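Written below as structure tokens is the structure these notes are about.
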Amino acid sequence: MAGFAPRLLAVPTPELAVRELQRVAVDGCGIAEMVPKMRTLCIGLSRLDCRQANILKQEMLSLGGDAAVARGTVACSIDKTDCILIGTAKQLMRLCRKLTAQPFGLAALADELEGLLSRVARPPSVWKTSRRSLSLQRPLIMGILNLTPDSFSDGGRCSDPSQAFERALEMEAEGADIIDIGGESTRPGAALISAEQELARVLPVIERLSAALKCAISVDSWKSAVAEKALSAGAEIINDISGFNFDPEMAGLAAASGAGVVLMHTRGTPDKMQQETLYDDLMLEITSSLSASIVRACRAGVSDGCIAIDPGIGFGKDAAGNLELLRRLSEFSCFGLPILTGTSRKAFIGKTLNRPHTDDRLYGTAATVALSVAHGASILRVHDVRAMRDVVDMAHAILHC
């Protein structure tokens, strides 16, 4: 994001509210007063000039809201301060109108803030691929079809093309809207393979399935050479774990093909990503990284309507980080794009529940899927399609029917 880069903050517990206020360096007495107020909308801003922050504080107080700033801001005894705007959607929209007449560049903040509020209020209704528009009126199920011998959960089960074909048909019958086909394991510590090896695994299956499936086909690859041939064979979505960071040709390919894309956050390639799981600010880093991926895609010519985002649960995060991501998933609604989560059978579920075997993580997965839907996910990438179709549809019915 350019300019002020306002971001949504989800603080569902008092403990999280305190942590965010401490990050801003709010005075201790101010923290006690502000925590109850943070049950409304919270918008984070970074590195403001004290003059900007003081105006925001005054304006929010005049509207019945508040703004958290670092101690020393009022006296301008510090150079910069982060800020959390706290208020209702109505109060924040009124702030936008008032900021248009303010100095120090705050009129530009009004535009950015109004855009964020608009995106949060109107979530996307469709996701476009090169072959169709997928309705998001109910959440989509993306069934996982791994054609690898070494995936963390189902490695080797579908490495035979005939087995893979039958499993894809089975997942479609169970309620999958998308079949996500991968030829390279992205489990933590997995070794990289060549594009030729990957293509040898996925192309025969995609070619055969494209004539048999009614649902969409996605290729799970970060290599443009693989994605290009997969799209020609019948795939219509590129699921790139790198968010267009590993292969400089991928964004241009996606734009030229009109494919739907999933842009995911990770830290490094799968063989190294779990060596870097400490973050100064987990949500800020992921939001900033996804923002950069979106900008890269749009500059290459990818349509906004073709982009979905994935915060990368299990990719370069520890168990606590994955739980925080799920708890705060609604923050990513600030992009106004479909949100995908992939929690199925992952290690953080096993660690949390003491379930070392992946086949024993069905109920833990179900909890993460239901809560993902409750917090704004509209695409759920899963192994157990029949069970998770019921979980997703039930969660959606509770929320919307």
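Residue numbering restarts at 1 for every chain of the structure tokens, chains are lettered A, B, ... in their displayed order, and ligands are numbered from 1 as they appear.
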Within stretch 87-308 of chain A, find each residue whose DSSP state, derived from the backbone, is alpha helix (DSSP H), and express the selection as a ChimeraX atom specification.
-> /A:89-99,106-121,161-174,195-210,224-233,250-257,282-300
Compare A:Trp127, A:Phe332, A:Trp222, A:Phe348 by their minimum atom-to-atom distance to A:Asp177, counting only C-alpha atoms, and give me the closest one.
->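 Of all the options, A:Trp127 lies closest to A:Asp177.
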A:Phe315 proximity check over A:Gln91, A:Ser333, A:Ser291, A:Thr186, using only C-alpha atoms: winner is A:Thr186
Sorted by chain and rising residue number, which residues of stretch 304-350 of chain A lie within 10 Å of stretch 9-24 of chain A, and what are their closest atom pairs and distances in Å to one decimal, counting only C-alpha atoms, as CSV?
```
residue,atom,partner,partner_atom,distance
A:Glu324,CA,A:Leu16,CA,9.7
A:Arg327,CA,A:Pro12,CA,7.7
A:Arg328,CA,A:Ala10,CA,5.3
A:Leu329,CA,A:Ala10,CA,7.8
A:Ser330,CA,A:Ala10,CA,6.6
A:Glu331,CA,A:Leu9,CA,5.6
A:Phe332,CA,A:Leu9,CA,9.1
A:Cys334,CA,A:Leu9,CA,9.4
```
Exercise: A:Cys96 partners within 12 Å, only C-alpha atoms, chain neighbours under 2 positions left out, as a ChimeraX atom specification | /A:56,59-60,63,85,89-94,98-102,106-118
Since we have the selection now, will you write its residues out, keeping N, CA and C atoms, as a short mmCIF file (atom, residue, chain, number, x, y, z; two decimals), in the first residue's frame?
```cif
data_model
loop_
_atom_site.label_atom_id
_atom_site.label_comp_id
_atom_site.auth_asym_id
_atom_site.auth_seq_id
_atom_site.Cartn_x
_atom_site.Cartn_y
_atom_site.Cartn_z
N LEU A 56 -5.75 13.95 14.41
CA LEU A 56 -6.60 12.76 14.39
C LEU A 56 -7.20 12.50 15.77
N GLU A 59 -9.97 15.14 16.40
CA GLU A 59 -11.16 14.93 15.57
C GLU A 59 -11.94 13.69 16.01
N MET A 60 -11.24 12.62 16.35
CA MET A 60 -11.94 11.42 16.79
C MET A 60 -12.66 11.65 18.11
N LEU A 63 -15.87 13.37 17.62
CA LEU A 63 -16.89 12.53 16.99
C LEU A 63 -17.41 11.44 17.93
N LEU A 85 -6.97 4.34 15.24
CA LEU A 85 -8.26 5.03 15.24
C LEU A 85 -9.31 4.08 15.77
N ALA A 89 -18.13 2.61 12.25
CA ALA A 89 -17.99 2.90 10.82
C ALA A 89 -18.52 4.29 10.50
N LYS A 90 -19.62 4.66 11.13
CA LYS A 90 -20.20 5.98 10.89
C LYS A 90 -19.26 7.09 11.36
N GLN A 91 -18.68 6.91 12.53
CA GLN A 91 -17.75 7.92 13.05
C GLN A 91 -16.52 8.05 12.15
N LEU A 92 -16.01 6.93 11.67
CA LEU A 92 -14.83 6.95 10.83
C LEU A 92 -15.12 7.57 9.46
N MET A 93 -16.32 7.34 8.93
CA MET A 93 -16.69 7.99 7.67
C MET A 93 -16.83 9.50 7.86
N ARG A 94 -17.35 9.91 9.01
CA ARG A 94 -17.44 11.35 9.29
C ARG A 94 -16.04 11.95 9.45
N LYS A 98 -14.16 15.22 7.50
CA LYS A 98 -13.51 16.31 8.22
C LYS A 98 -12.04 16.45 7.82
N LEU A 99 -11.40 15.35 7.45
CA LEU A 99 -9.98 15.40 7.12
C LEU A 99 -9.69 16.07 5.79
N THR A 100 -10.70 16.17 4.93
CA THR A 100 -10.46 16.77 3.61
C THR A 100 -10.01 18.22 3.72
N ALA A 101 -10.33 18.88 4.83
CA ALA A 101 -9.95 20.29 5.01
C ALA A 101 -8.73 20.45 5.91
N GLN A 102 -8.10 19.34 6.30
CA GLN A 102 -6.98 19.42 7.24
C GLN A 102 -5.64 19.47 6.51
N LEU A 106 -3.35 15.14 5.39
CA LEU A 106 -4.43 14.32 5.93
C LEU A 106 -5.60 14.15 4.97
N ALA A 107 -5.70 15.02 3.96
CA ALA A 107 -6.74 14.81 2.95
C ALA A 107 -6.50 13.51 2.19
N ALA A 108 -5.22 13.16 1.97
CA ALA A 108 -4.91 11.90 1.30
C ALA A 108 -5.29 10.71 2.19
N LEU A 109 -5.12 10.85 3.50
CA LEU A 109 -5.55 9.80 4.41
C LEU A 109 -7.05 9.59 4.32
N ALA A 110 -7.79 10.67 4.16
CA ALA A 110 -9.25 10.56 4.03
C ALA A 110 -9.62 9.64 2.88
N ASP A 111 -8.95 9.79 1.75
CA ASP A 111 -9.25 8.94 0.58
C ASP A 111 -8.92 7.49 0.86
N GLU A 112 -7.75 7.24 1.45
CA GLU A 112 -7.35 5.86 1.74
C GLU A 112 -8.27 5.21 2.76
N LEU A 113 -8.63 5.97 3.79
CA LEU A 113 -9.48 5.44 4.85
C LEU A 113 -10.89 5.15 4.32
N GLU A 114 -11.39 6.04 3.49
CA GLU A 114 -12.71 5.81 2.92
C GLU A 114 -12.71 4.57 2.03
N GLY A 115 -11.63 4.37 1.28
CA GLY A 115 -11.53 3.16 0.46
C GLY A 115 -11.52 1.90 1.29
N LEU A 116 -10.77 1.90 2.39
CA LEU A 116 -10.72 0.74 3.27
C LEU A 116 -12.10 0.43 3.84
N LEU A 117 -12.78 1.46 4.34
CA LEU A 117 -14.10 1.24 4.93
C LEU A 117 -15.09 0.71 3.91
N SER A 118 -14.97 1.18 2.68
CA SER A 118 -15.85 0.71 1.61
C SER A 118 -15.59 -0.76 1.30
#
```
Option closest in space to A:Ala256, from A:Ile193, A:Ile141, A:Leu231, A:Val295 [counting only C-alpha atoms] =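 Smallest separation from A:Ala256 among the options: A:Leu231.
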Mind listing the strand (DSSP E or B) residues of stretch 211-343 of chain A, per DSSP on the backbone, as a PyMOL selection string?
-> chain A and resi 216-220+237-240+260-264+307-310+339-341
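The environment of A:Leu337 within 8 Å, counting only C-alpha atoms and disregarding residues fewer than 6 places along the same chain, consists of Pro123, Pro124, Asp304, Gly305, Ile307, Ala308 and Ile309 of chain A.
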Dump as a PDB file, in the first residue's frame, selection limited to N, CA and C atoms:
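Dumped everything to part-v8.pdb:
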```
ATOM      1  N   PRO A 123     -17.928  -6.921   0.827  1.00  0.00           N
ATOM      2  CA  PRO A 123     -17.021  -8.002   0.433  1.00  0.00           C
ATOM      3  C   PRO A 123     -17.311  -8.468  -0.988  1.00  0.00           C
ATOM      4  N   PRO A 124     -16.323  -9.069  -1.660  1.00  0.00           N
ATOM      5  CA  PRO A 124     -16.513  -9.497  -3.056  1.00  0.00           C
ATOM      6  C   PRO A 124     -17.598 -10.559  -3.184  1.00  0.00           C
ATOM      7  N   ASP A 304      -8.335  -7.055 -10.653  1.00  0.00           N
ATOM      8  CA  ASP A 304      -8.672  -7.208  -9.227  1.00  0.00           C
ATOM      9  C   ASP A 304      -9.615  -8.385  -8.997  1.00  0.00           C
ATOM     10  N   GLY A 305     -10.563  -8.552  -9.907  1.00  0.00           N
ATOM     11  CA  GLY A 305     -11.574  -9.580  -9.732  1.00  0.00           C
ATOM     12  C   GLY A 305     -11.046 -10.991  -9.830  1.00  0.00           C
ATOM     13  N   ILE A 307      -8.148 -11.936  -8.298  1.00  0.00           N
ATOM     14  CA  ILE A 307      -7.187 -12.150  -7.211  1.00  0.00           C
ATOM     15  C   ILE A 307      -7.882 -12.607  -5.931  1.00  0.00           C
ATOM     16  N   ALA A 308      -7.354 -13.669  -5.336  1.00  0.00           N
ATOM     17  CA  ALA A 308      -7.695 -14.064  -3.967  1.00  0.00           C
ATOM     18  C   ALA A 308      -6.409 -14.052  -3.158  1.00  0.00           C
ATOM     19  N   ILE A 309      -6.523 -13.900  -1.845  1.00  0.00           N
ATOM     20  CA  ILE A 309      -5.341 -13.846  -0.982  1.00  0.00           C
ATOM     21  C   ILE A 309      -5.380 -14.956   0.062  1.00  0.00           C
TER      22      ILE A 309
END
```
From the list A:Asp310, A:Asp27, A:Glu285, A:Glu33, which residue is nearest A:Phe335 when using only C-alpha atoms?
-> A:Asp310
Do a neighbour search on A:Gly342 at 7 Å with only C-alpha atoms, toss out local chain neighbours closer than 5 positions, and write the hits as JSON, numbers by chain.
-> {"A": [313, 380, 381, 382]}
Dump as a PDB file, in the first residue's frame, selection limited to C-alpha atoms:
```
ATOM      1  CA  ILE A 313      -1.155 -20.632   7.591  1.00  0.00           C
ATOM      2  CA  LEU A 380     -11.379 -23.256   2.141  1.00  0.00           C
ATOM      3  CA  ARG A 381      -8.590 -25.559   0.924  1.00  0.00           C
ATOM      4  CA  VAL A 382      -9.139 -29.029   2.423  1.00  0.00           C
TER       5      VAL A 382
END
```
Top pick for closest residue to A:Val392, considering A:Arg187, A:Arg138, A:Lys317, A:Arg51 and counting only C-alpha atoms |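 The answer is A:Arg138, which sits nearest to A:Val392.
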One-decimal distance in Å that lies between atom CA of A:Leu290 and atom CA of A:Leu353 |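 Result for atom CA of A:Leu353 versus atom CA of A:Leu290: 29.7 Å, one decimal.
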Counting only C-alpha atoms, figure out which residue out of A:Leu323, A:Ala164, A:Leu253, A:Leu61 gets nearest to A:Thr352.
-> A:Leu323
Non-local contacts of A:Arg201 (9 Å; only C-alpha atoms; under 6 positions in same chain excluded) as a count of residues only = 8
Within 12 Å of A:Val205, counting only C-alpha atoms, which residues qualify if same-chain residues fewer than 6 places away don't, as a PyMOL selection string?
-> chain A and resi 145-147+158-169+179-183+198-199+211-213+217-219+230+233-235
Take the residues just selected and output them with N, CA and C atoms as a JSON list (two decimals), in the first residue's frame.
```json
[["chain", "number", "residue", "atom", "x", "y", "z"],
["A", 145, "LEU", "N", -5.52, -32.13, -4.25],
["A", 145, "LEU", "CA", -5.10, -33.32, -4.98],
["A", 145, "LEU", "C", -3.58, -33.27, -5.14],
["A", 146, "ASN", "N", -2.89, -33.91, -4.23],
["A", 146, "ASN", "CA", -1.43, -33.93, -4.25],
["A", 146, "ASN", "C", -0.94, -35.11, -5.07],
["A", 147, "LEU", "N", -0.13, -34.83, -6.08],
["A", 147, "LEU", "CA", 0.43, -35.88, -6.95],
["A", 147, "LEU", "C", 1.89, -36.11, -6.59],
["A", 158, "CYS", "N", -2.07, -40.42, -4.17],
["A", 158, "CYS", "CA", -2.62, -40.14, -5.50],
["A", 158, "CYS", "C", -1.51, -39.92, -6.52],
["A", 159, "SER", "N", -0.33, -40.51, -6.30],
["A", 159, "SER", "CA", 0.77, -40.31, -7.24],
["A", 159, "SER", "C", 0.54, -41.07, -8.55],
["A", 160, "ASP", "N", -0.29, -42.09, -8.54],
["A", 160, "ASP", "CA", -0.66, -42.78, -9.77],
["A", 160, "ASP", "C", -1.76, -41.97, -10.48],
["A", 161, "PRO", "N", -1.60, -41.64, -11.77],
["A", 161, "PRO", "CA", -2.58, -40.80, -12.47],
["A", 161, "PRO", "C", -4.01, -41.33, -12.42],
["A", 162, "SER", "N", -4.18, -42.65, -12.48],
["A", 162, "SER", "CA", -5.54, -43.21, -12.43],
["A", 162, "SER", "C", -6.17, -42.99, -11.05],
["A", 163, "GLN", "N", -5.37, -43.16, -9.99],
["A", 163, "GLN", "CA", -5.87, -42.90, -8.64],
["A", 163, "GLN", "C", -6.23, -41.43, -8.48],
["A", 164, "ALA", "N", -5.38, -40.56, -9.02],
["A", 164, "ALA", "CA", -5.63, -39.13, -8.93],
["A", 164, "ALA", "C", -6.91, -38.75, -9.66],
["A", 165, "PHE", "N", -7.12, -39.32, -10.82],
["A", 165, "PHE", "CA", -8.34, -39.04, -11.59],
["A", 165, "PHE", "C", -9.58, -39.45, -10.81],
["A", 166, "GLU", "N", -9.57, -40.63, -10.25],
["A", 166, "GLU", "CA", -10.73, -41.10, -9.49],
["A", 166, "GLU", "C", -10.96, -40.26, -8.23],
["A", 167, "ARG", "N", -9.88, -39.86, -7.57],
["A", 167, "ARG", "CA", -10.04, -39.05, -6.36],
["A", 167, "ARG", "C", -10.61, -37.68, -6.70],
["A", 168, "ALA", "N", -10.22, -37.10, -7.81],
["A", 168, "ALA", "CA", -10.76, -35.80, -8.22],
["A", 168, "ALA", "C", -12.25, -35.90, -8.50],
["A", 169, "LEU", "N", -12.67, -36.94, -9.20],
["A", 169, "LEU", "CA", -14.10, -37.14, -9.45],
["A", 169, "LEU", "C", -14.86, -37.32, -8.15],
["A", 179, "ILE", "N", -10.71, -28.15, -7.77],
["A", 179, "ILE", "CA", -9.71, -29.17, -7.46],
["A", 179, "ILE", "C", -8.34, -28.54, -7.65],
["A", 180, "ASP", "N", -7.54, -28.51, -6.58],
["A", 180, "ASP", "CA", -6.23, -27.88, -6.59],
["A", 180, "ASP", "C", -5.17, -28.97, -6.75],
["A", 181, "ILE", "N", -4.49, -28.96, -7.90],
["A", 181, "ILE", "CA", -3.58, -30.04, -8.27],
["A", 181, "ILE", "C", -2.14, -29.59, -8.11],
["A", 182, "GLY", "N", -1.38, -30.32, -7.29],
["A", 182, "GLY", "CA", 0.01, -29.96, -7.03],
["A", 182, "GLY", "C", 0.96, -31.10, -7.32],
["A", 183, "GLY", "N", 2.10, -30.77, -7.92],
["A", 183, "GLY", "CA", 3.10, -31.78, -8.24],
["A", 183, "GLY", "C", 4.40, -31.63, -7.47],
["A", 198, "GLU", "N", 7.84, -31.63, -12.11],
["A", 198, "GLU", "CA", 6.51, -31.20, -11.71],
["A", 198, "GLU", "C", 5.51, -31.39, -12.84],
["A", 199, "LEU", "N", 5.89, -31.01, -14.05],
["A", 199, "LEU", "CA", 5.00, -31.15, -15.21],
["A", 199, "LEU", "C", 4.70, -32.61, -15.50],
["A", 211, "ALA", "N", -11.52, -32.66, -19.22],
["A", 211, "ALA", "CA", -12.66, -33.13, -20.02],
["A", 211, "ALA", "C", -13.71, -33.83, -19.18],
["A", 212, "ALA", "N", -13.40, -34.09, -17.91],
["A", 212, "ALA", "CA", -14.31, -34.89, -17.07],
["A", 212, "ALA", "C", -14.96, -34.09, -15.96],
["A", 213, "LEU", "N", -14.31, -33.04, -15.49],
["A", 213, "LEU", "CA", -14.81, -32.27, -14.36],
["A", 213, "LEU", "C", -15.69, -31.11, -14.81],
["A", 217, "ILE", "N", -10.43, -26.19, -12.12],
["A", 217, "ILE", "CA", -9.14, -26.81, -11.83],
["A", 217, "ILE", "C", -8.13, -25.72, -11.52],
["A", 218, "SER", "N", -7.41, -25.90, -10.43],
["A", 218, "SER", "CA", -6.35, -25.00, -10.01],
["A", 218, "SER", "C", -5.03, -25.74, -10.05],
["A", 219, "VAL", "N", -3.96, -25.05, -10.46],
["A", 219, "VAL", "CA", -2.62, -25.64, -10.38],
["A", 219, "VAL", "C", -1.88, -24.99, -9.23],
["A", 230, "ALA", "N", -0.03, -25.95, -17.60],
["A", 230, "ALA", "CA", -1.23, -26.39, -16.88],
["A", 230, "ALA", "C", -2.46, -25.63, -17.35],
["A", 233, "ALA", "N", -3.59, -26.87, -20.59],
["A", 233, "ALA", "CA", -4.20, -28.20, -20.48],
["A", 233, "ALA", "C", -5.60, -28.17, -19.87],
["A", 234, "GLY", "N", -6.00, -27.02, -19.29],
["A", 234, "GLY", "CA", -7.35, -26.95, -18.74],
["A", 234, "GLY", "C", -7.49, -26.34, -17.37],
["A", 235, "ALA", "N", -6.37, -26.03, -16.71],
["A", 235, "ALA", "CA", -6.47, -25.32, -15.43],
["A", 235, "ALA", "C", -6.92, -23.88, -15.67]]
```
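Counting from atom CA of A:Lys351, the distance to atom CA of A:Ser378 is 25.8 Å.
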